[in-house]
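*Asks:* The structure file input02.cif (mmCIF, C-alpha atoms) is provided below.
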```cif
data_model
loop_
_atom_site.label_atom_id
_atom_site.label_comp_id
_atom_site.auth_asym_id
_atom_site.auth_seq_id
_atom_site.Cartn_x
_atom_site.Cartn_y
_atom_site.Cartn_z
CA MET A 1330 147.80 3.67 119.26
CA GLU A 1331 144.13 3.88 118.40
CA ARG A 1332 143.30 3.89 114.72
CA SER A 1333 141.11 6.96 114.41
CA ALA A 1334 140.34 9.81 112.04
CA ASN A 1335 138.24 12.95 111.71
CA ILE A 1336 136.65 14.13 108.47
CA THR A 1337 134.73 17.28 107.62
CA ARG A 1338 133.15 17.97 104.23
CA THR A 1339 130.93 20.84 103.16
CA THR A 1340 129.19 21.27 99.82
CA LYS A 1341 126.02 23.01 98.65
CA GLU A 1342 124.19 19.74 99.32
CA THR A 1343 125.58 18.50 102.65
CA ASP A 1344 127.61 19.63 105.67
CA ILE A 1345 129.24 16.65 107.38
CA SER A 1346 131.41 16.22 110.47
CA LEU A 1347 132.57 12.68 111.28
CA SER A 1348 134.85 11.09 113.88
CA LEU A 1349 135.74 7.38 113.65
CA ASN A 1350 137.71 5.11 115.99
CA LEU A 1351 138.30 1.62 114.61
CA ASP A 1352 139.48 0.38 118.01
CA GLY A 1353 136.43 1.42 119.96
CA SER A 1354 133.55 -0.43 121.59
CA GLY A 1355 130.61 0.41 119.35
CA LYS A 1356 129.61 3.74 120.90
CA THR A 1357 127.77 6.10 118.58
CA ASN A 1358 126.37 9.60 118.40
CA ILE A 1359 124.76 9.91 114.98
CA GLN A 1360 122.49 12.70 113.78
CA THR A 1361 121.82 12.82 110.06
CA GLY A 1362 118.22 13.97 109.98
CA ILE A 1363 117.29 10.57 108.53
CA GLY A 1364 116.18 8.26 111.32
CA PHE A 1365 116.51 5.06 109.31
CA LEU A 1366 120.07 5.93 108.27
CA ASP A 1367 120.97 6.72 111.90
CA HIS A 1368 119.66 3.24 112.79
CA MET A 1369 121.64 1.47 110.05
CA LEU A 1370 124.90 3.29 110.89
CA THR A 1371 124.42 2.56 114.59
CA LEU A 1372 124.03 -1.14 113.77
CA MET A 1373 127.09 -1.17 111.53
CA ALA A 1374 129.28 0.58 114.12
CA PHE A 1375 128.05 -1.67 116.94
CA TRP A 1376 128.85 -4.88 115.07
CA ALA A 1377 132.18 -3.49 113.84
CA LYS A 1378 133.02 -2.24 117.37
CA PHE A 1379 133.71 1.19 115.88
CA ASP A 1380 133.13 4.38 117.84
CA LEU A 1381 131.36 6.76 115.46
CA GLU A 1382 130.28 10.36 115.88
CA LEU A 1383 128.50 11.85 112.90
CA GLN A 1384 126.52 14.99 112.21
CA CYS A 1385 125.08 15.76 108.79
CA LYS A 1386 122.92 18.61 107.58
CA GLY A 1387 121.73 17.70 104.11
CA ASP A 1388 119.14 18.69 101.54
CA ILE A 1389 116.73 15.98 102.64
CA HIS A 1390 113.83 18.21 101.57
CA ILE A 1391 114.79 17.03 98.06
CA ASP A 1392 115.44 13.37 98.91
CA PHE A 1393 117.95 11.29 100.87
CA HIS A 1394 120.33 10.63 97.97
CA HIS A 1395 122.90 13.38 98.54
CA SER A 1396 123.11 12.74 102.28
CA LEU A 1397 123.57 8.97 101.97
CA GLU A 1398 126.12 9.29 99.19
CA ASP A 1399 128.18 11.99 100.91
CA ILE A 1400 128.08 10.23 104.28
CA GLY A 1401 129.29 7.07 102.53
CA LEU A 1402 132.18 9.03 101.01
CA CYS A 1403 133.14 10.56 104.37
CA LEU A 1404 132.85 7.27 106.24
CA GLY A 1405 135.10 5.59 103.67
CA MET A 1406 137.64 8.44 103.88
CA ALA A 1407 137.75 8.17 107.67
CA PHE A 1408 138.06 4.38 107.53
CA HIS A 1409 140.97 4.54 105.07
CA LYS A 1410 142.76 7.30 107.00
CA ALA A 1411 142.34 5.53 110.34
CA LEU A 1412 143.45 2.15 109.00
CA LEU A 1413 146.74 3.51 107.70
CA GLN A 1414 147.77 5.00 111.06
CA GLU A 1415 149.02 1.68 112.41
CA ASN A 1416 151.88 0.14 110.37
CA ASN A 1417 150.26 1.10 107.07
CA ALA A 1418 147.62 -1.59 107.70
CA ASN A 1419 150.26 -4.32 107.89
CA GLY A 1420 149.14 -7.40 109.77
CA ILE A 1421 145.40 -6.96 109.30
CA GLU A 1422 143.34 -10.01 108.40
CA ARG A 1423 142.24 -7.99 105.31
CA ILE A 1424 139.31 -10.26 104.39
CA GLY A 1425 136.05 -10.44 106.33
CA PHE A 1426 132.71 -12.12 105.79
CA ALA A 1427 129.38 -12.66 107.49
CA LYS A 1428 126.03 -14.29 106.80
CA ILE A 1429 123.33 -12.61 108.82
CA PRO A 1430 119.69 -13.61 109.38
CA MET A 1431 117.09 -11.06 110.40
CA ASP A 1432 113.76 -12.80 110.91
CA GLU A 1433 112.67 -13.91 107.41
CA ALA A 1434 115.63 -12.18 105.68
CA LEU A 1435 119.13 -13.49 104.97
CA THR A 1436 122.06 -11.64 103.42
CA GLU A 1437 125.71 -12.48 102.87
CA ILE A 1438 128.65 -10.09 103.02
CA CYS A 1439 132.23 -10.62 101.84
CA LEU A 1440 134.87 -7.91 101.73
CA ASP A 1441 138.55 -7.46 100.97
CA ILE A 1442 140.55 -4.42 102.09
CA SER A 1443 142.68 -4.65 98.97
CA GLY A 1444 143.16 -1.07 97.84
CA ARG A 1445 140.81 -1.73 94.93
CA SER A 1446 137.33 -0.23 95.09
CA TRP A 1447 134.48 -2.45 93.93
CA LEU A 1448 130.87 -3.05 94.93
CA GLU A 1449 128.81 -6.07 93.97
CA TRP A 1450 125.14 -5.59 94.92
CA LYS A 1451 123.32 -8.80 94.08
CA ASN A 1452 119.62 -9.75 94.01
CA ASP A 1453 118.34 -6.34 95.08
CA GLU A 1454 115.18 -6.97 93.09
CA ILE A 1455 113.78 -8.54 96.27
CA LEU A 1456 113.97 -5.16 98.05
CA PRO A 1457 110.74 -3.16 98.15
CA PRO A 1458 110.92 -0.15 95.77
CA ILE A 1459 110.47 2.30 98.67
CA ILE A 1460 112.09 1.81 102.08
CA ALA A 1461 111.67 4.31 104.94
CA GLY A 1462 110.29 6.92 102.57
CA ASP A 1463 112.86 6.85 99.76
CA GLU A 1464 113.82 4.69 96.79
CA LYS A 1465 115.81 1.53 97.53
CA ASP A 1466 118.64 2.62 95.19
CA VAL A 1467 119.94 5.18 97.70
CA TRP A 1468 121.32 2.28 99.74
CA ARG A 1469 123.33 0.91 96.82
CA GLU A 1470 124.71 4.42 96.31
CA PHE A 1471 125.66 4.64 100.00
CA TYR A 1472 127.71 1.44 99.91
CA LYS A 1473 129.16 2.33 96.49
CA ALA A 1474 130.38 5.67 97.87
CA PHE A 1475 131.77 4.00 101.00
CA VAL A 1476 133.90 1.47 99.13
CA SER A 1477 135.14 4.08 96.65
CA THR A 1478 136.98 5.99 99.38
CA ALA A 1479 137.61 3.07 101.78
CA LYS A 1480 139.43 1.33 98.90
CA MET A 1481 137.95 -2.11 99.39
CA ASN A 1482 135.98 -4.78 97.56
CA LEU A 1483 132.53 -5.28 99.04
CA HIS A 1484 130.12 -8.00 97.90
CA ILE A 1485 126.56 -7.82 99.22
CA GLN A 1486 124.13 -10.56 98.30
CA PHE A 1487 120.48 -10.63 99.27
CA HIS A 1488 119.54 -14.31 99.57
CA TYR A 1489 115.89 -13.94 100.52
CA GLY A 1490 113.45 -11.88 102.54
CA LYS A 1491 110.33 -9.76 102.25
CA ASN A 1492 110.70 -6.85 104.65
CA GLY A 1493 112.97 -4.04 103.42
CA HIS A 1494 113.93 -2.98 106.95
CA HIS A 1495 114.97 -6.52 107.82
CA LEU A 1496 116.99 -6.96 104.62
CA LEU A 1497 118.93 -3.72 105.04
CA GLU A 1498 119.42 -4.32 108.75
CA SER A 1499 120.99 -7.69 108.05
CA VAL A 1500 123.31 -5.96 105.56
CA ALA A 1501 124.36 -3.29 108.07
CA LYS A 1502 125.08 -5.88 110.74
CA GLY A 1503 126.93 -8.07 108.26
CA VAL A 1504 129.11 -5.27 106.92
CA GLY A 1505 129.98 -4.31 110.48
CA LYS A 1506 130.83 -7.89 111.44
CA ALA A 1507 132.92 -8.39 108.30
CA LEU A 1508 134.79 -5.13 108.85
CA GLN A 1509 135.55 -6.09 112.44
CA LYS A 1510 137.13 -9.33 111.24
CA ALA A 1511 139.03 -7.72 108.39
CA ILE A 1512 140.74 -4.99 110.44
CA THR A 1513 141.84 -7.35 113.22
CA ILE A 1514 145.62 -7.33 113.50
CA THR A 1515 147.03 -10.84 113.69
CA GLY A 1516 150.60 -10.31 112.47
CA THR A 1517 153.16 -7.74 111.38
CA GLN A 1518 153.50 -8.37 107.66
CA ALA A 1519 151.31 -7.10 104.84
CA THR A 1520 148.58 -9.61 104.05
CA SER A 1521 149.61 -9.98 100.43
CA THR A 1522 152.02 -12.13 98.43
CA LYS A 1523 153.17 -8.87 96.82
CA GLY A 1524 154.60 -7.79 100.16
CA SER A 1525 152.41 -4.69 100.48
CA LEU A 1526 148.83 -3.52 100.25
CA ASP A 1527 147.96 -0.92 97.64
CA LEU A 1528 146.26 1.36 100.14
#
```
Please express what this file holds, its structure, as structure tokens.

*Replies:*
Amino acid sequence: MERSANITRTTKETDISLSLNLDGSGKTNIQTGIGFLDHMLTLMAFWAKFDLELQCKGDIHIDFHHSLEDIGLCLGMAFHKALLQENNANGIERIGFAKIPMDEALTEICLDISGRSWLEWKNDEILPPIIAGDEKDVWREFYKAFVSTAKMNLHIQFHYGKNGHHLLESVAKGVGKALQKAITITGTQATSTKGSLDL
């Protein structure tokens, strides 16, 4: 059975429709109105081998904050819902990691699908203040929203780099690669000495 989920969410700030298949091949159809976000989500899905369809109409005439945050929430919801469809996530590797270069930039990603939401966002002072037309902090808020509903620990560390696009692209690829490792099913038991995951 494919691990998949559909999420819709409508507020005064955003209208989102999202379909996620964790056992896909990396196919995407993403339209958020923010080209750079479409690019980052496409990269993440490709490296995770997720099939992702996403449409968002947001108040981007104000800024990108609401759209990135709400898409992060919906993506995390879909991830969590899809993951639990197969044996309550029993047998998954649970932990994933990646260290990704992108030209002059290098970032490191470690994550744990533990049931506990936490984001560590380290060394972001090396990011340019403005990336693709908005403040760099919207990207921290995107990943913070994602982990809050996906119920995972996610550690993102920027080692070095100068170009904001390259730095965030290496993060997107790394998160995708780490997620692909973490959701791989290699057994039948919960990957925890407690005997169950708190998902």

*Asks:* Mind telling me what the PyMOL selection byres ((chain A and resi 1396) around 12) catches here, as a ChimeraX atom specification?

*Replies:* /A:1338-1345,1360-1363,1366-1367,1383-1395,1397-1404,1467-1468,1470-1471,1474

*Asks:* Take the residues from that selection and put them in a file with C-alpha atoms, as a PDB file, in the coordinates of the input.

*Replies:*
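Saved to part33.pdb:
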```
ATOM      1  CA  ARG A1338     133.150  17.970 104.230  1.00  0.00           C
ATOM      2  CA  THR A1339     130.930  20.840 103.160  1.00  0.00           C
ATOM      3  CA  THR A1340     129.190  21.270  99.820  1.00  0.00           C
ATOM      4  CA  LYS A1341     126.020  23.010  98.650  1.00  0.00           C
ATOM      5  CA  GLU A1342     124.190  19.740  99.320  1.00  0.00           C
ATOM      6  CA  THR A1343     125.580  18.500 102.650  1.00  0.00           C
ATOM      7  CA  ASP A1344     127.610  19.630 105.670  1.00  0.00           C
ATOM      8  CA  ILE A1345     129.240  16.650 107.380  1.00  0.00           C
ATOM      9  CA  GLN A1360     122.490  12.700 113.780  1.00  0.00           C
ATOM     10  CA  THR A1361     121.820  12.820 110.060  1.00  0.00           C
ATOM     11  CA  GLY A1362     118.220  13.970 109.980  1.00  0.00           C
ATOM     12  CA  ILE A1363     117.290  10.570 108.530  1.00  0.00           C
ATOM     13  CA  LEU A1366     120.070   5.930 108.270  1.00  0.00           C
ATOM     14  CA  ASP A1367     120.970   6.720 111.900  1.00  0.00           C
ATOM     15  CA  LEU A1383     128.500  11.850 112.900  1.00  0.00           C
ATOM     16  CA  GLN A1384     126.520  14.990 112.210  1.00  0.00           C
ATOM     17  CA  CYS A1385     125.080  15.760 108.790  1.00  0.00           C
ATOM     18  CA  LYS A1386     122.920  18.610 107.580  1.00  0.00           C
ATOM     19  CA  GLY A1387     121.730  17.700 104.110  1.00  0.00           C
ATOM     20  CA  ASP A1388     119.140  18.690 101.540  1.00  0.00           C
ATOM     21  CA  ILE A1389     116.730  15.980 102.640  1.00  0.00           C
ATOM     22  CA  HIS A1390     113.830  18.210 101.570  1.00  0.00           C
ATOM     23  CA  ILE A1391     114.790  17.030  98.060  1.00  0.00           C
ATOM     24  CA  ASP A1392     115.440  13.370  98.910  1.00  0.00           C
ATOM     25  CA  PHE A1393     117.950  11.290 100.870  1.00  0.00           C
ATOM     26  CA  HIS A1394     120.330  10.630  97.970  1.00  0.00           C
ATOM     27  CA  HIS A1395     122.900  13.380  98.540  1.00  0.00           C
ATOM     28  CA  LEU A1397     123.570   8.970 101.970  1.00  0.00           C
ATOM     29  CA  GLU A1398     126.120   9.290  99.190  1.00  0.00           C
ATOM     30  CA  ASP A1399     128.180  11.990 100.910  1.00  0.00           C
ATOM     31  CA  ILE A1400     128.080  10.230 104.280  1.00  0.00           C
ATOM     32  CA  GLY A1401     129.290   7.070 102.530  1.00  0.00           C
ATOM     33  CA  LEU A1402     132.180   9.030 101.010  1.00  0.00           C
ATOM     34  CA  CYS A1403     133.140  10.560 104.370  1.00  0.00           C
ATOM     35  CA  LEU A1404     132.850   7.270 106.240  1.00  0.00           C
ATOM     36  CA  VAL A1467     119.940   5.180  97.700  1.00  0.00           C
ATOM     37  CA  TRP A1468     121.320   2.280  99.740  1.00  0.00           C
ATOM     38  CA  GLU A1470     124.710   4.420  96.310  1.00  0.00           C
ATOM     39  CA  PHE A1471     125.660   4.640 100.000  1.00  0.00           C
ATOM     40  CA  ALA A1474     130.380   5.670  97.870  1.00  0.00           C
TER      41      ALA A1474
END
```

*Asks:* Nearest to Gln1509 (chain A): which of A:Met1406, A:Glu1464, A:Gly1425, A:Gly1355 is it, counting all atoms listed in the file?

*Replies:*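 For Gln1509 (chain A), the nearest of the candidates is A:Gly1425.
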
*Asks:* List the spatial neighbours of Asn1419 (chain A) as an mmCIF file with C-alpha atoms, keeping the file's coordinate frame - criterion: any atom at most 8 Å away, all atoms listed in the file, same-chain residues fewer than 2 positions off excluded.

*Replies:*
```cif
data_model
loop_
_atom_site.group_PDB
_atom_site.id
_atom_site.type_symbol
_atom_site.label_atom_id
_atom_site.label_comp_id
_atom_site.auth_asym_id
_atom_site.auth_seq_id
_atom_site.Cartn_x
_atom_site.Cartn_y
_atom_site.Cartn_z
ATOM 1 C CA GLU A 1415 149.020 1.680 112.410
ATOM 2 C CA ASN A 1416 151.880 0.140 110.370
ATOM 3 C CA ASN A 1417 150.260 1.100 107.070
ATOM 4 C CA ILE A 1421 145.400 -6.960 109.300
ATOM 5 C CA ILE A 1514 145.620 -7.330 113.500
ATOM 6 C CA GLY A 1516 150.600 -10.310 112.470
ATOM 7 C CA THR A 1517 153.160 -7.740 111.380
ATOM 8 C CA GLN A 1518 153.500 -8.370 107.660
ATOM 9 C CA ALA A 1519 151.310 -7.100 104.840
ATOM 10 C CA THR A 1520 148.580 -9.610 104.050
ATOM 11 C CA SER A 1525 152.410 -4.690 100.480
ATOM 12 C CA LEU A 1526 148.830 -3.520 100.250
#
```

*Asks:* Given the file shown, enumerate the residues that the PyMOL selection byres ((chain A and resi 1437-1447) around 10) captures and present them as a tab-separated table (two decimals) with C-alpha atoms, keeping the file's coordinate frame.

*Replies:*
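File produced: expr.tsv:
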```tsv
chain	number	residue	atom	x	y	z
A	1409	HIS	CA	140.97	4.54	105.07
A	1412	LEU	CA	143.45	2.15	109.00
A	1418	ALA	CA	147.62	-1.59	107.70
A	1421	ILE	CA	145.40	-6.96	109.30
A	1422	GLU	CA	143.34	-10.01	108.40
A	1423	ARG	CA	142.24	-7.99	105.31
A	1424	ILE	CA	139.31	-10.26	104.39
A	1425	GLY	CA	136.05	-10.44	106.33
A	1426	PHE	CA	132.71	-12.12	105.79
A	1427	ALA	CA	129.38	-12.66	107.49
A	1428	LYS	CA	126.03	-14.29	106.80
A	1429	ILE	CA	123.33	-12.61	108.82
A	1430	PRO	CA	119.69	-13.61	109.38
A	1435	LEU	CA	119.13	-13.49	104.97
A	1436	THR	CA	122.06	-11.64	103.42
A	1448	LEU	CA	130.87	-3.05	94.93
A	1449	GLU	CA	128.81	-6.07	93.97
A	1450	TRP	CA	125.14	-5.59	94.92
A	1451	LYS	CA	123.32	-8.80	94.08
A	1472	TYR	CA	127.71	1.44	99.91
A	1473	LYS	CA	129.16	2.33	96.49
A	1474	ALA	CA	130.38	5.67	97.87
A	1475	PHE	CA	131.77	4.00	101.00
A	1476	VAL	CA	133.90	1.47	99.13
A	1477	SER	CA	135.14	4.08	96.65
A	1478	THR	CA	136.98	5.99	99.38
A	1479	ALA	CA	137.61	3.07	101.78
A	1480	LYS	CA	139.43	1.33	98.90
A	1481	MET	CA	137.95	-2.11	99.39
A	1482	ASN	CA	135.98	-4.78	97.56
A	1483	LEU	CA	132.53	-5.28	99.04
A	1484	HIS	CA	130.12	-8.00	97.90
A	1485	ILE	CA	126.56	-7.82	99.22
A	1486	GLN	CA	124.13	-10.56	98.30
A	1487	PHE	CA	120.48	-10.63	99.27
A	1488	HIS	CA	119.54	-14.31	99.57
A	1499	SER	CA	120.99	-7.69	108.05
A	1500	VAL	CA	123.31	-5.96	105.56
A	1501	ALA	CA	124.36	-3.29	108.07
A	1502	LYS	CA	125.08	-5.88	110.74
A	1503	GLY	CA	126.93	-8.07	108.26
A	1504	VAL	CA	129.11	-5.27	106.92
A	1505	GLY	CA	129.98	-4.31	110.48
A	1506	LYS	CA	130.83	-7.89	111.44
A	1507	ALA	CA	132.92	-8.39	108.30
A	1508	LEU	CA	134.79	-5.13	108.85
A	1510	LYS	CA	137.13	-9.33	111.24
A	1511	ALA	CA	139.03	-7.72	108.39
A	1512	ILE	CA	140.74	-4.99	110.44
A	1520	THR	CA	148.58	-9.61	104.05
A	1521	SER	CA	149.61	-9.98	100.43
A	1525	SER	CA	152.41	-4.69	100.48
A	1526	LEU	CA	148.83	-3.52	100.25
A	1527	ASP	CA	147.96	-0.92	97.64
A	1528	LEU	CA	146.26	1.36	100.14
```

*Asks:* Could you tell me how far CA of Pro1457 (chain A) sits from CA of Gly1493 (chain A), in Å to one decimal place?

*Replies:*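 Interatomic distance here is 5.8 Å.
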
*Asks:* CA of Ile1336 (chain A) to CA of Leu1370 (chain A): how many Å, to one decimal?

*Replies:* 16.2 Å

*Asks:* CA of Arg1469 (chain A) and CA of Lys1491 (chain A), how far apart in Å?

*Replies:*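 It comes out at 17.7 Å.
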
*Asks:* Could you tell me which residues the PyMOL selection byres ((chain A and resi 1330) around 10) returns for this structure, as a PyMOL selection string?

*Replies:* chain A and resi 1331-1333+1352+1414-1415

*Asks:* I need the residue nearest Phe1408 (chain A) from this list: A:Thr1515, A:Asn1335, A:Asn1358, A:Ser1346. Use all atoms listed in the file for the distance.

*Replies:*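 Closest residue, counting all atoms listed in the file: A:Asn1335.
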